[in-house]
file upload-v2.txt (compact mmCIF, C-alpha atoms)
# COMPACT_ATOMS: atom_id res chain seq x y z
CA MET A 220 93.52 99.73 81.12
CA ASN A 221 93.53 103.53 80.82
CA VAL A 222 90.12 105.09 80.20
CA PHE A 223 91.14 108.67 80.99
CA SER A 224 93.16 111.34 79.27
CA PRO A 225 96.88 111.02 80.09
CA GLN A 226 96.76 114.68 81.14
CA VAL A 227 94.42 113.87 84.04
CA ARG A 228 96.20 113.28 87.34
CA PHE A 229 95.05 111.10 90.20
CA SER A 230 95.95 111.80 93.81
CA VAL A 231 94.99 110.64 97.31
CA LEU A 232 93.67 112.35 100.44
CA ASP A 233 94.04 110.44 103.72
CA ARG A 234 92.08 111.69 106.75
CA SER A 235 93.79 109.39 109.30
CA LEU A 236 90.56 107.84 110.56
CA THR A 237 90.95 105.48 113.52
CA LEU A 238 89.43 102.02 113.95
CA ARG A 239 87.51 100.98 117.05
CA GLY A 240 89.95 99.97 119.77
CA GLU A 241 92.93 101.41 117.91
CA HIS A 242 95.28 103.99 119.40
CA PRO A 243 95.45 107.13 117.21
CA ALA A 244 99.21 106.61 116.87
CA SER A 245 98.52 103.45 114.90
CA ALA A 246 96.26 105.32 112.48
CA LEU A 247 99.01 107.85 111.84
CA ARG A 248 101.54 105.12 111.17
CA HIS A 249 99.09 103.51 108.78
CA ALA A 250 98.74 106.84 106.96
CA VAL A 251 102.49 106.99 106.39
CA ALA A 252 102.56 103.37 105.21
CA PHE A 253 99.63 104.06 102.88
CA ALA A 254 101.50 107.02 101.41
CA ARG A 255 104.40 104.74 100.49
CA GLU A 256 102.00 102.36 98.76
CA VAL A 257 100.25 105.23 96.96
CA GLU A 258 103.61 106.45 95.69
CA ARG A 259 104.47 102.96 94.45
CA LEU A 260 101.17 102.87 92.57
CA GLY A 261 102.03 106.04 90.65
CA TYR A 262 99.68 108.63 92.17
CA HIS A 263 100.63 112.27 91.77
CA ARG A 264 100.21 113.60 95.33
CA PHE A 265 99.30 112.47 98.85
CA TRP A 266 97.49 114.87 101.16
CA VAL A 267 96.54 114.78 104.84
CA ALA A 268 93.80 116.69 106.65
CA GLU A 269 93.20 118.77 109.78
CA HIS A 270 90.62 117.88 112.44
CA HIS A 271 90.53 118.82 116.12
CA SER A 272 89.07 116.93 119.08
CA VAL A 273 87.35 114.30 116.93
CA PRO A 274 87.37 110.80 118.52
CA GLY A 275 87.54 109.01 115.16
CA VAL A 276 90.25 111.14 113.55
CA ALA A 277 93.95 111.08 114.45
CA GLY A 278 95.10 113.78 112.01
CA SER A 279 95.16 116.99 114.03
CA ALA A 280 98.50 118.45 112.88
CA PRO A 281 98.68 118.12 109.08
CA THR A 282 102.02 119.85 108.55
CA VAL A 283 103.67 117.54 111.09
CA LEU A 284 102.14 114.48 109.45
CA ALA A 285 103.08 115.80 106.00
CA ALA A 286 106.70 116.01 107.17
CA ALA A 287 106.60 112.35 108.22
CA VAL A 288 105.06 111.37 104.87
CA ALA A 289 107.61 113.34 102.88
CA ALA A 290 110.44 111.73 104.85
CA ALA A 291 109.06 108.26 104.15
CA THR A 292 108.59 108.78 100.41
CA GLU A 293 110.82 109.84 97.54
CA ARG A 294 108.94 111.32 94.58
CA ILE A 295 105.25 111.85 95.29
CA ARG A 296 104.08 115.36 96.07
CA VAL A 297 102.98 115.76 99.70
CA GLY A 298 100.63 118.29 101.21
CA THR A 299 97.52 119.20 103.13
CA GLY A 300 93.88 118.98 102.27
CA GLY A 301 93.92 121.18 104.07
CA VAL A 302 95.30 123.43 106.74
CA MET A 303 92.34 125.45 108.01
CA LEU A 304 93.73 128.96 107.75
CA PRO A 305 91.19 130.59 110.11
CA ASN A 306 92.62 128.41 112.90
CA HIS A 307 96.19 129.69 112.51
CA GLN A 308 98.27 132.81 112.15
CA PRO A 309 99.46 133.18 108.53
CA LEU A 310 103.05 133.77 109.66
CA VAL A 311 103.15 130.40 111.46
CA VAL A 312 101.62 128.61 108.46
CA ALA A 313 104.17 130.24 106.15
CA GLU A 314 107.01 129.20 108.43
CA GLN A 315 105.78 125.61 108.59
CA PHE A 316 105.41 125.25 104.85
CA GLY A 317 108.67 127.09 104.34
CA VAL A 318 110.43 124.46 106.41
CA LEU A 319 108.69 121.66 104.50
CA GLU A 320 109.60 123.15 101.12
CA ALA A 321 113.19 123.76 102.24
CA LEU A 322 113.56 120.14 103.33
CA TYR A 323 111.66 118.58 100.39
CA PRO A 324 112.03 121.07 97.52
CA GLY A 325 109.56 120.78 94.67
CA ARG A 326 107.34 118.26 96.47
CA ILE A 327 105.20 120.32 98.88
CA ASP A 328 101.55 121.36 98.38
CA MET A 329 99.87 123.91 100.62
CA GLY A 330 96.15 123.10 100.55
CA LEU A 331 94.19 125.69 102.51
CA GLY A 332 90.63 125.64 103.82
CA ARG A 333 88.21 128.12 105.41
CA SER A 334 86.57 125.89 108.05
CA VAL A 335 86.69 126.61 111.76
CA GLY A 336 86.25 124.26 114.72
CA PHE A 337 82.91 122.42 114.80
CA THR A 338 82.00 123.23 118.41
CA ASP A 339 82.18 126.24 120.70
CA GLY A 340 84.66 124.39 122.90
CA ILE A 341 87.05 123.63 120.04
CA ARG A 342 86.84 127.17 118.73
CA ALA A 343 87.54 128.55 122.19
CA ALA A 344 90.54 126.23 122.57
CA LEU A 345 91.85 127.45 119.21
CA GLY A 346 91.17 131.05 120.14
CA ARG A 347 88.74 131.53 117.25
CA GLY A 348 85.07 132.49 116.92
CA LYS A 349 82.34 131.34 114.56
CA ASP A 350 83.06 134.27 112.24
CA ALA A 351 86.79 133.51 111.93
CA ALA A 352 86.42 132.48 108.28
CA GLU A 353 85.23 135.94 107.25
CA ASP A 354 88.75 137.36 107.02
CA PHE A 355 90.03 134.43 104.94
CA PRO A 356 90.89 136.65 101.91
CA GLU A 357 93.11 138.87 104.05
CA ARG A 358 94.76 135.89 105.76
CA LEU A 359 95.34 134.20 102.41
CA ALA A 360 96.91 137.32 100.90
CA GLU A 361 99.14 137.72 103.95
CA LEU A 362 100.21 134.08 103.82
CA LEU A 363 101.09 134.13 100.13
CA GLY A 364 102.83 137.46 100.64
CA TYR A 365 105.27 135.90 103.08
CA PHE A 366 106.56 133.63 100.31
CA LEU A 367 106.72 136.48 97.78
CA GLY A 368 108.24 138.96 100.24
CA THR A 369 105.34 141.34 99.59
CA GLN A 370 103.11 141.04 102.67
CA ASP A 371 102.34 144.42 104.24
CA ALA A 372 100.00 143.45 107.07
CA HIS A 373 103.00 143.46 109.41
CA PRO A 374 105.75 145.70 107.98
CA GLY A 375 109.25 144.43 108.54
CA VAL A 376 108.13 140.88 109.37
CA HIS A 377 109.56 138.10 107.21
CA ALA A 378 108.82 134.37 107.24
CA ARG A 379 112.03 132.35 107.41
CA PRO A 380 112.83 130.20 105.50
CA ALA A 381 109.61 130.66 103.48
CA GLU A 382 110.49 133.88 101.69
CA GLY A 383 111.52 133.10 98.13
CA LEU A 384 110.30 129.50 98.26
CA ARG A 385 107.29 128.23 96.31
CA PRO A 386 105.24 125.42 97.82
CA ALA A 387 102.18 124.99 95.61
CA PRO A 388 99.07 126.65 97.12
CA PHE A 389 95.52 125.34 96.65
CA VAL A 390 92.22 126.63 98.04
CA LEU A 391 89.46 124.24 99.11
CA ALA A 392 86.09 125.40 97.82
CA THR A 393 83.76 125.66 100.78
CA GLY A 394 81.39 128.58 100.51
CA ALA A 395 83.22 131.37 98.69
CA GLY A 396 86.43 129.37 98.30
CA ALA A 397 86.18 129.32 94.50
CA ASP A 398 86.09 133.12 94.39
CA HIS A 399 89.10 133.42 96.68
CA ALA A 400 91.10 130.91 94.62
CA ALA A 401 90.31 132.79 91.41
CA ALA A 402 91.16 136.18 92.91
CA VAL A 403 94.71 135.18 93.92
CA GLY A 404 95.30 132.87 90.96
CA VAL A 405 95.76 129.48 92.62
CA PRO A 406 94.35 126.00 91.90
CA LEU A 407 90.91 125.09 93.23
CA VAL A 408 89.88 121.90 95.05
CA VAL A 409 86.14 121.22 94.93
CA ALA A 410 83.99 118.25 95.94
CA ALA A 411 80.76 116.94 94.47
CA ALA A 412 79.64 116.42 98.06
CA ILE A 413 78.60 120.08 98.14
CA GLY A 414 76.01 119.18 95.49
CA GLU A 415 76.74 118.79 91.79
CA GLU A 416 74.94 121.92 90.61
CA ARG A 417 76.69 124.00 93.23
CA MET A 418 80.00 122.36 92.32
CA LEU A 419 79.57 123.08 88.61
CA ARG A 420 78.66 126.70 89.32
CA ALA A 421 81.74 127.09 91.52
CA ILE A 422 84.00 125.66 88.82
CA GLU A 423 82.52 127.92 86.14
CA ARG A 424 82.80 131.00 88.35
CA TYR A 425 86.40 130.10 89.19
CA ARG A 426 87.41 129.68 85.55
CA THR A 427 85.61 132.83 84.47
CA THR A 428 87.13 135.11 87.10
CA PHE A 429 90.58 133.50 87.42
CA ARG A 430 93.49 135.95 87.50
CA PRO A 431 96.87 134.55 86.34
CA SER A 432 99.49 134.88 89.04
CA THR A 433 102.97 133.92 90.15
CA TRP A 434 101.41 130.71 91.41
CA SER A 435 99.47 129.58 88.34
CA ALA A 436 99.19 130.85 84.78
CA ARG A 437 95.79 129.23 84.19
CA PRO A 438 92.86 127.81 86.13
CA TYR A 439 93.46 124.34 87.57
CA VAL A 440 90.59 122.30 89.00
CA VAL A 441 90.99 119.36 91.36
CA LEU A 442 87.86 117.28 91.99
CA ALA A 443 87.75 115.63 95.40
CA GLY A 444 85.58 112.61 96.03
CA THR A 445 85.13 109.24 97.70
CA VAL A 446 85.84 106.23 95.49
CA ALA A 447 86.01 102.48 96.08
CA VAL A 448 86.81 99.82 93.49
CA ALA A 449 86.41 96.10 94.19
CA ASP A 450 85.53 92.78 92.56
CA THR A 451 81.83 93.35 93.19
CA ALA A 452 79.56 96.29 93.83
CA GLU A 453 78.73 94.89 97.26
CA ALA A 454 82.40 94.64 98.26
CA ALA A 455 82.99 98.23 97.14
CA GLU A 456 79.99 99.44 99.15
CA ASP A 457 81.28 97.58 102.21
CA LEU A 458 84.58 99.44 101.95
CA LEU A 459 82.79 102.77 102.26
CA LEU A 460 80.02 101.78 104.68
CA PRO A 461 82.04 102.26 107.92
CA GLU A 462 82.81 105.92 107.19
CA ALA A 463 79.24 106.55 106.04
CA TRP A 464 77.98 105.07 109.31
CA ALA A 465 80.41 107.22 111.32
CA ALA A 466 79.09 110.29 109.49
CA ALA A 467 75.50 109.25 110.19
CA TYR A 468 76.39 108.58 113.83
CA SER A 469 77.83 112.08 114.12
CA ARG A 470 74.58 113.55 112.79
CA THR A 471 72.47 111.68 115.33
CA ARG A 472 74.79 111.70 118.34
CA GLY A 473 77.03 114.71 117.82
CA THR A 474 80.42 112.99 117.58
CA PHE A 475 82.31 111.22 114.77
CA PRO A 476 83.40 107.83 116.18
CA PRO A 477 86.16 105.40 115.21
CA LEU A 478 85.23 103.09 112.33
CA ILE A 479 83.60 99.71 112.91
CA PRO A 480 83.36 96.73 110.51
CA ALA A 481 80.79 96.84 107.72
CA GLU A 482 79.23 93.55 108.76
CA GLU A 483 78.31 94.99 112.17
CA ILE A 484 76.60 97.93 110.54
CA ARG A 485 74.65 95.71 108.17
CA ALA A 486 73.49 93.56 111.10
CA ALA A 487 72.43 96.52 113.25
CA ALA A 488 68.79 97.54 113.73
CA LEU A 489 68.77 101.19 112.61
CA THR A 490 66.18 103.78 113.45
CA ALA A 491 64.47 105.63 110.61
CA ARG A 492 66.53 108.72 111.40
CA GLU A 493 69.79 106.75 111.42
CA ARG A 494 68.87 105.12 108.09
CA GLU A 495 68.07 108.52 106.60
CA HIS A 496 71.43 109.96 107.61
CA LEU A 497 73.25 106.82 106.48
CA ASP A 498 71.65 107.02 103.04
CA ALA A 499 72.58 110.71 102.83
CA ALA A 500 76.18 109.95 103.76
CA ARG A 501 76.40 107.40 100.94
CA ARG A 502 75.34 109.83 98.21
CA ASP A 503 77.83 111.41 95.81
CA ARG A 504 80.22 108.50 96.24
CA ILE A 505 81.55 106.39 93.40
CA ALA A 506 81.75 102.69 94.21
CA GLY A 507 81.60 99.45 92.28
CA THR A 508 83.52 97.27 89.90
CA ALA A 509 86.24 98.66 87.66
CA GLU A 510 83.81 99.03 84.75
CA THR A 511 81.24 100.92 86.83
CA VAL A 512 83.78 103.25 88.43
CA ALA A 513 85.45 103.94 85.09
CA ALA A 514 82.13 104.93 83.54
CA ASP A 515 81.11 107.11 86.50
CA LEU A 516 84.47 108.90 86.66
CA ALA A 517 84.58 109.42 82.91
CA ALA A 518 81.12 111.01 83.02
CA LEU A 519 82.18 113.23 85.92
CA PHE A 520 85.26 114.42 84.05
CA ALA A 521 83.15 115.08 80.96
CA ARG A 522 80.82 117.29 82.99
CA THR A 523 83.59 119.21 84.76
CA ASP A 524 86.66 119.08 82.47
CA ALA A 525 88.72 118.82 85.67
CA ASP A 526 92.51 118.52 85.65
CA GLU A 527 92.87 116.10 88.57
CA PHE A 528 90.95 113.80 90.89
CA LEU A 529 91.74 113.68 94.61
CA VAL A 530 90.37 110.40 95.92
CA THR A 531 89.47 109.44 99.48
CA THR A 532 88.80 105.83 100.46
CA SER A 533 88.46 105.66 104.23
CA SER A 534 87.58 102.19 105.44
CA HIS A 535 87.77 99.80 108.37
CA ASP A 536 89.26 97.34 105.86
CA ARG A 537 92.69 98.83 105.24
CA ALA A 538 93.82 95.96 103.00
CA GLY A 539 90.71 96.56 100.92
CA ARG A 540 91.57 100.25 100.73
CA VAL A 541 95.01 99.45 99.30
CA ASP A 542 93.44 97.05 96.82
CA SER A 543 90.96 99.76 95.76
CA ALA A 544 93.83 102.20 95.23
CA ARG A 545 95.60 99.60 93.09
CA ARG A 546 92.51 98.96 90.98
CA LEU A 547 91.92 102.68 90.47
CA ALA A 548 95.57 103.18 89.50
CA GLU A 549 95.13 100.52 86.83
CA LEU A 550 92.00 102.27 85.53
CA ALA A 551 93.84 105.59 85.47
CA GLY A 552 96.77 104.09 83.58
CA ILE A 553 99.29 105.12 86.22
CA ALA A 554 100.00 101.70 87.75
CA PRO A 555 102.24 100.61 84.85
CA ARG A 556 104.45 103.57 85.71
CA ILE A 557 105.52 101.90 88.98
CA GLY A 558 109.25 102.41 89.42
CA ALA A 559 109.38 104.90 86.53
CA GLY A 560 109.05 108.03 88.66
CA ALA A 561 106.15 110.39 89.13
CA ARG A 562 104.94 112.91 86.61
CA GLY A 563 106.09 116.48 86.99
call {"tool": "encode", "arguments": {"input": "upload-v2.txt", "output": "structure tokens"}}
result
Amino acid sequence: MNVFSPQVRFSVLDRSLTLRGEHPASALRHAVAFAREVERLGYHRFWVAEHHSVPGVAGSAPTVLAAAVAAATERIRVGTGGVMLPNHQPLVVAEQFGVLEALYPGRIDMGLGRSVGFTDGIRAALGRGKDAAEDFPERLAELLGYFLGTQDAHPGVHARPAEGLRPAPFVLATGAGADHAAAVGVPLVVAAAIGEERMLRAIERYRTTFRPSTWSARPYVVLAGTVAVADTAEAAEDLLLPEAWAAAYSRTRGTFPPLIPAEEIRAAALTAREREHLDAARRDRIAGTAETVAADLAALFARTDADEFLVTTSSHDRAGRVDSARRLAELAGIAPRIGAGARG
């Protein structure tokens, strides 16, 4: 069953969340295994994220993990969602993605974000301050310039082997991200989690002010969101409940923990504040049976006219996550393409 335009692509973001009692190394290995399954199901790209000093997240070095994913797969595009550019020197980021693109030509995506470390301690360890995101436009221009051979922030400095290569850049829309993506002419990644009205305004502003570039001739919008598909609405909600609880826990206790089973959360006696944060964490997520998810996604695409959907399904139930990815692939009409190669 394909209820979407064949031009719409579906991709996956994996944040390498750990389970209670699990060593982070296991979560990383599961991410690589999930990427292989996602490729088999016909998804367009597989991205990994960057988090530092978070107990429940194993993915701290996205370019390293992306290299492992690319080595374990054959056709799917591989990238980051994203590398937080304020945390790194543009030259080093260019070199890392240059190596990835040199080793896996035509398959590497360079998703870039503006976030900095969540705590003073993390920012100090990274050598960054709270205002590090303010020079994102300059860092972005420098980074892209290393690939084009045009950067002038450091005359005479060249990124090897990046110069002349073209990994595909994307900018994650947090704050002014839409404006930065439009200014340099690269695709935009935006999430409904920032609020739908704010998301729609960002998309419209991006399309209106987009400047064609070497990287992209036209605006390209990727919607990012959490989705779960299951036999019943309750089963789909249970897939997403562990991450929602971890998010609520972080709001009330200051740290994002490893995931625990949904049945434990349902049996727990929650305070009013915990319930409030849990309900907030479950908003702007699409979960249910195939029919419900198809209708919700179709309505979302109608409102945004997006080119692609980047789905996240973090769960304590990893088998359920794979099943959800399979069901969504069937809805998207990409599952029948298994073994036929990915779209260009």
call {"tool": "closest_residue", "arguments": {"input": "upload-v2.txt", "among": "A:Tyr262, A:Ile505, A:Ala280, A:Ala343", "to": "Val227 in chain A", "atoms": "only C-alpha atoms"}}
result
A:Tyr262
call {"tool": "residues_near_point", "arguments": {"input": "upload-v2.txt", "point": "(76.2, 114.2, 107.0)", "cutoff": "7 Å", "atoms": "only C-alpha atoms", "output": "MDAnalysis selection string"}}
result
chainID A and resid 466:467 470 496 499:500
call {"tool": "atom_distance", "arguments": {"input": "upload-v2.txt", "atom1": "CA of Val403 in chain A", "atom2": "CA of Leu359 in chain A"}}
result
8.6 Å
call {"tool": "residues_around", "arguments": {"input": "upload-v2.txt", "residues": "Arg248 in chain A", "least_positions_apart": "3", "cutoff": "12 Å", "atoms": "only C-alpha atoms", "output": "list in words"}}
result
Asp233, Ser235, Leu236, Thr237, Glu241, His242, Pro243, Ala244, Ser245, Val251, Ala252, Phe253, Ala254, Arg255, Ala277, Gly278, Leu284, Ala285, Ala287, Val288 and Ala291 of chain A
call {"tool": "write_last_selection", "arguments": {"input": "upload-v2.txt", "atoms": "C-alpha atoms", "output": "compact mmCIF listing (two decimals), keeping the file's coordinate frame"}}
result
# COMPACT_ATOMS: atom_id res chain seq x y z
CA ASP A 233 94.04 110.44 103.72
CA SER A 235 93.79 109.39 109.30
CA LEU A 236 90.56 107.84 110.56
CA THR A 237 90.95 105.48 113.52
CA GLU A 241 92.93 101.41 117.91
CA HIS A 242 95.28 103.99 119.40
CA PRO A 243 95.45 107.13 117.21
CA ALA A 244 99.21 106.61 116.87
CA SER A 245 98.52 103.45 114.90
CA VAL A 251 102.49 106.99 106.39
CA ALA A 252 102.56 103.37 105.21
CA PHE A 253 99.63 104.06 102.88
CA ALA A 254 101.50 107.02 101.41
CA ARG A 255 104.40 104.74 100.49
CA ALA A 277 93.95 111.08 114.45
CA GLY A 278 95.10 113.78 112.01
CA LEU A 284 102.14 114.48 109.45
CA ALA A 285 103.08 115.80 106.00
CA ALA A 287 106.60 112.35 108.22
CA VAL A 288 105.06 111.37 104.87
CA ALA A 291 109.06 108.26 104.15
call {"tool": "atom_distance", "arguments": {"input": "upload-v2.txt", "atom1": "CA of Arg326 in chain A", "atom2": "CA of Leu304 in chain A"}}
result
20.7 Å
call {"tool": "closest_residue", "arguments": {"input": "upload-v2.txt", "among": "A:Ala521, A:Ala246, A:Leu238, A:Ala449", "to": "Pro480 in chain A", "atoms": "all atoms listed in the file"}}
result
A:Leu238
call {"tool": "atom_distance", "arguments": {"input": "upload-v2.txt", "atom1": "CA of Ala397 in chain A", "atom2": "CA of Ala548 in chain A"}}
result
28.2 Å
call {"tool": "residues_around", "arguments": {"input": "upload-v2.txt", "residues": "Glu456 in chain A", "least_positions_apart": "3", "cutoff": "8 Å", "atoms": "all atoms listed in the file", "output": "short mmCIF file (atom, residue, chain, number, x, y, z; two decimals) with C-alpha atoms, keeping the file's coordinate frame"}}
result
data_model
loop_
_atom_site.label_atom_id
_atom_site.label_comp_id
_atom_site.auth_asym_id
_atom_site.auth_seq_id
_atom_site.Cartn_x
_atom_site.Cartn_y
_atom_site.Cartn_z
CA ALA A 447 86.01 102.48 96.08
CA ALA A 452 79.56 96.29 93.83
CA GLU A 453 78.73 94.89 97.26
CA LEU A 459 82.79 102.77 102.26
CA LEU A 460 80.02 101.78 104.68
CA ALA A 506 81.75 102.69 94.21
CA GLY A 507 81.60 99.45 92.28
#
call {"tool": "residues_around", "arguments": {"input": "upload-v2.txt", "residues": "Ala381 in chain A", "least_positions_apart": "2", "cutoff": "12 Å", "atoms": "all atoms listed in the file", "output": "ChimeraX atom specification"}}
result
/A:309-322,324,362-368,376-379,383-386
call {"tool": "residues_around", "arguments": {"input": "upload-v2.txt", "residues": "Phe355 in chain A", "least_positions_apart": "6", "cutoff": "9 Å", "atoms": "all atoms listed in the file", "output": "PDB file with C-alpha atoms, keeping the file's coordinate frame"}}
result
ATOM      1  CA  LEU A 304      93.730 128.960 107.750  1.00  0.00           C
ATOM      2  CA  PRO A 305      91.190 130.590 110.110  1.00  0.00           C
ATOM      3  CA  GLY A 332      90.630 125.640 103.820  1.00  0.00           C
ATOM      4  CA  ARG A 333      88.210 128.120 105.410  1.00  0.00           C
ATOM      5  CA  HIS A 399      89.100 133.420  96.680  1.00  0.00           C
TER       6      HIS A 399
END
call {"tool": "closest_residue", "arguments": {"input": "upload-v2.txt", "among": "A:Asp398, A:Ala344, A:Pro461, A:Pro281", "to": "Arg424 in chain A", "atoms": "only C-alpha atoms"}}
result
A:Asp398
call {"tool": "closest_residue", "arguments": {"input": "upload-v2.txt", "among": "A:Ile422, A:Leu331, A:Leu547, A:Ala360", "to": "Thr445 in chain A", "atoms": "all atoms listed in the file"}}
result
A:Leu547
call {"tool": "closest_residue", "arguments": {"input": "upload-v2.txt", "among": "A:Phe475, A:Trp266, A:Phe429, A:Tyr439", "to": "Phe337 in chain A", "atoms": "all atoms listed in the file"}}
result
A:Phe475
call {"tool": "closest_residue", "arguments": {"input": "upload-v2.txt", "among": "A:Arg485, A:His249, A:Arg296, A:Arg426", "to": "Met329 in chain A", "atoms": "only C-alpha atoms"}}
result
A:Arg296
call {"tool": "axis_aligned_box", "arguments": {"input": "upload-v2.txt", "around": "range 442-459 of chain A", "padding_each_side": "5 Å", "output": "JSON"}}
result
{"center_x": 83.3, "center_y": 105.0, "center_z": 97.1, "size_x": 19.1, "size_y": 34.5, "size_z": 20.3}
call {"tool": "residues_around", "arguments": {"input": "upload-v2.txt", "residues": "range 407-415 of chain A", "least_positions_apart": "6", "cutoff": "7 Å", "atoms": "all atoms listed in the file", "output": "list in words"}}
result
Phe389, Val390, Leu391, Ala392, Ala397, Ala400, Tyr439, Val440, Val441, Leu442, Ala443, Gly444 and Asp503 of chain A
call {"tool": "write_last_selection", "arguments": {"input": "upload-v2.txt", "atoms": "C-alpha atoms", "output": "PDB file, in the frame of the given file"}}
result
ATOM      1  CA  PHE A 389      95.520 125.340  96.650  1.00  0.00           C
ATOM      2  CA  VAL A 390      92.220 126.630  98.040  1.00  0.00           C
ATOM      3  CA  LEU A 391      89.460 124.240  99.110  1.00  0.00           C
ATOM      4  CA  ALA A 392      86.090 125.400  97.820  1.00  0.00           C
ATOM      5  CA  ALA A 397      86.180 129.320  94.500  1.00  0.00           C
ATOM      6  CA  ALA A 400      91.100 130.910  94.620  1.00  0.00           C
ATOM      7  CA  TYR A 439      93.460 124.340  87.570  1.00  0.00           C
ATOM      8  CA  VAL A 440      90.590 122.300  89.000  1.00  0.00           C
ATOM      9  CA  VAL A 441      90.990 119.360  91.360  1.00  0.00           C
ATOM     10  CA  LEU A 442      87.860 117.280  91.990  1.00  0.00           C
ATOM     11  CA  ALA A 443      87.750 115.630  95.400  1.00  0.00           C
ATOM     12  CA  GLY A 444      85.580 112.610  96.030  1.00  0.00           C
ATOM     13  CA  ASP A 503      77.830 111.410  95.810  1.00  0.00           C
TER      14      ASP A 503
END
call {"tool": "build_atoms", "arguments": {"input": "upload-v2.txt", "residues": "range 527-543 of chain A", "atoms": "N, CA and C atoms", "output": "short mmCIF file (atom, residue, chain, number, x, y, z; two decimals), keeping the file's coordinate frame"}}
result
data_model
loop_
_atom_site.label_atom_id
_atom_site.label_comp_id
_atom_site.auth_asym_id
_atom_site.auth_seq_id
_atom_site.Cartn_x
_atom_site.Cartn_y
_atom_site.Cartn_z
N GLU A 527 92.33 117.07 87.62
CA GLU A 527 92.87 116.10 88.57
C GLU A 527 91.73 115.58 89.44
N PHE A 528 91.91 114.35 89.94
CA PHE A 528 90.95 113.80 90.89
C PHE A 528 91.68 113.43 92.16
N LEU A 529 91.17 113.95 93.29
CA LEU A 529 91.74 113.68 94.61
C LEU A 529 90.81 112.70 95.31
N VAL A 530 91.25 111.46 95.45
CA VAL A 530 90.37 110.40 95.92
C VAL A 530 90.58 110.11 97.40
N THR A 531 89.45 109.89 98.09
CA THR A 531 89.47 109.44 99.48
C THR A 531 88.78 108.08 99.55
N THR A 532 89.41 107.14 100.22
CA THR A 532 88.80 105.83 100.46
C THR A 532 89.08 105.45 101.91
N SER A 533 88.30 105.99 102.82
CA SER A 533 88.46 105.66 104.23
C SER A 533 87.66 104.41 104.53
N SER A 534 88.27 103.45 105.20
CA SER A 534 87.58 102.19 105.44
C SER A 534 88.13 101.49 106.68
N HIS A 535 87.29 100.67 107.30
CA HIS A 535 87.77 99.80 108.37
C HIS A 535 88.70 98.73 107.81
N ASP A 536 88.47 98.36 106.55
CA ASP A 536 89.26 97.34 105.86
C ASP A 536 90.43 98.01 105.14
N ARG A 537 91.56 98.11 105.82
CA ARG A 537 92.69 98.83 105.24
C ARG A 537 93.33 98.06 104.08
N ALA A 538 93.32 96.75 104.13
CA ALA A 538 93.82 95.96 103.00
C ALA A 538 92.93 96.20 101.78
N GLY A 539 91.62 96.27 102.00
CA GLY A 539 90.71 96.56 100.92
C GLY A 539 90.92 97.95 100.34
N ARG A 540 91.28 98.89 101.21
CA ARG A 540 91.57 100.25 100.73
C ARG A 540 92.78 100.25 99.80
N VAL A 541 93.83 99.54 100.17
CA VAL A 541 95.01 99.45 99.30
C VAL A 541 94.66 98.79 97.98
N ASP A 542 93.85 97.73 98.04
CA ASP A 542 93.44 97.05 96.82
C ASP A 542 92.62 97.98 95.93
N SER A 543 91.75 98.79 96.52
CA SER A 543 90.96 99.76 95.76
C SER A 543 91.87 100.77 95.08
#
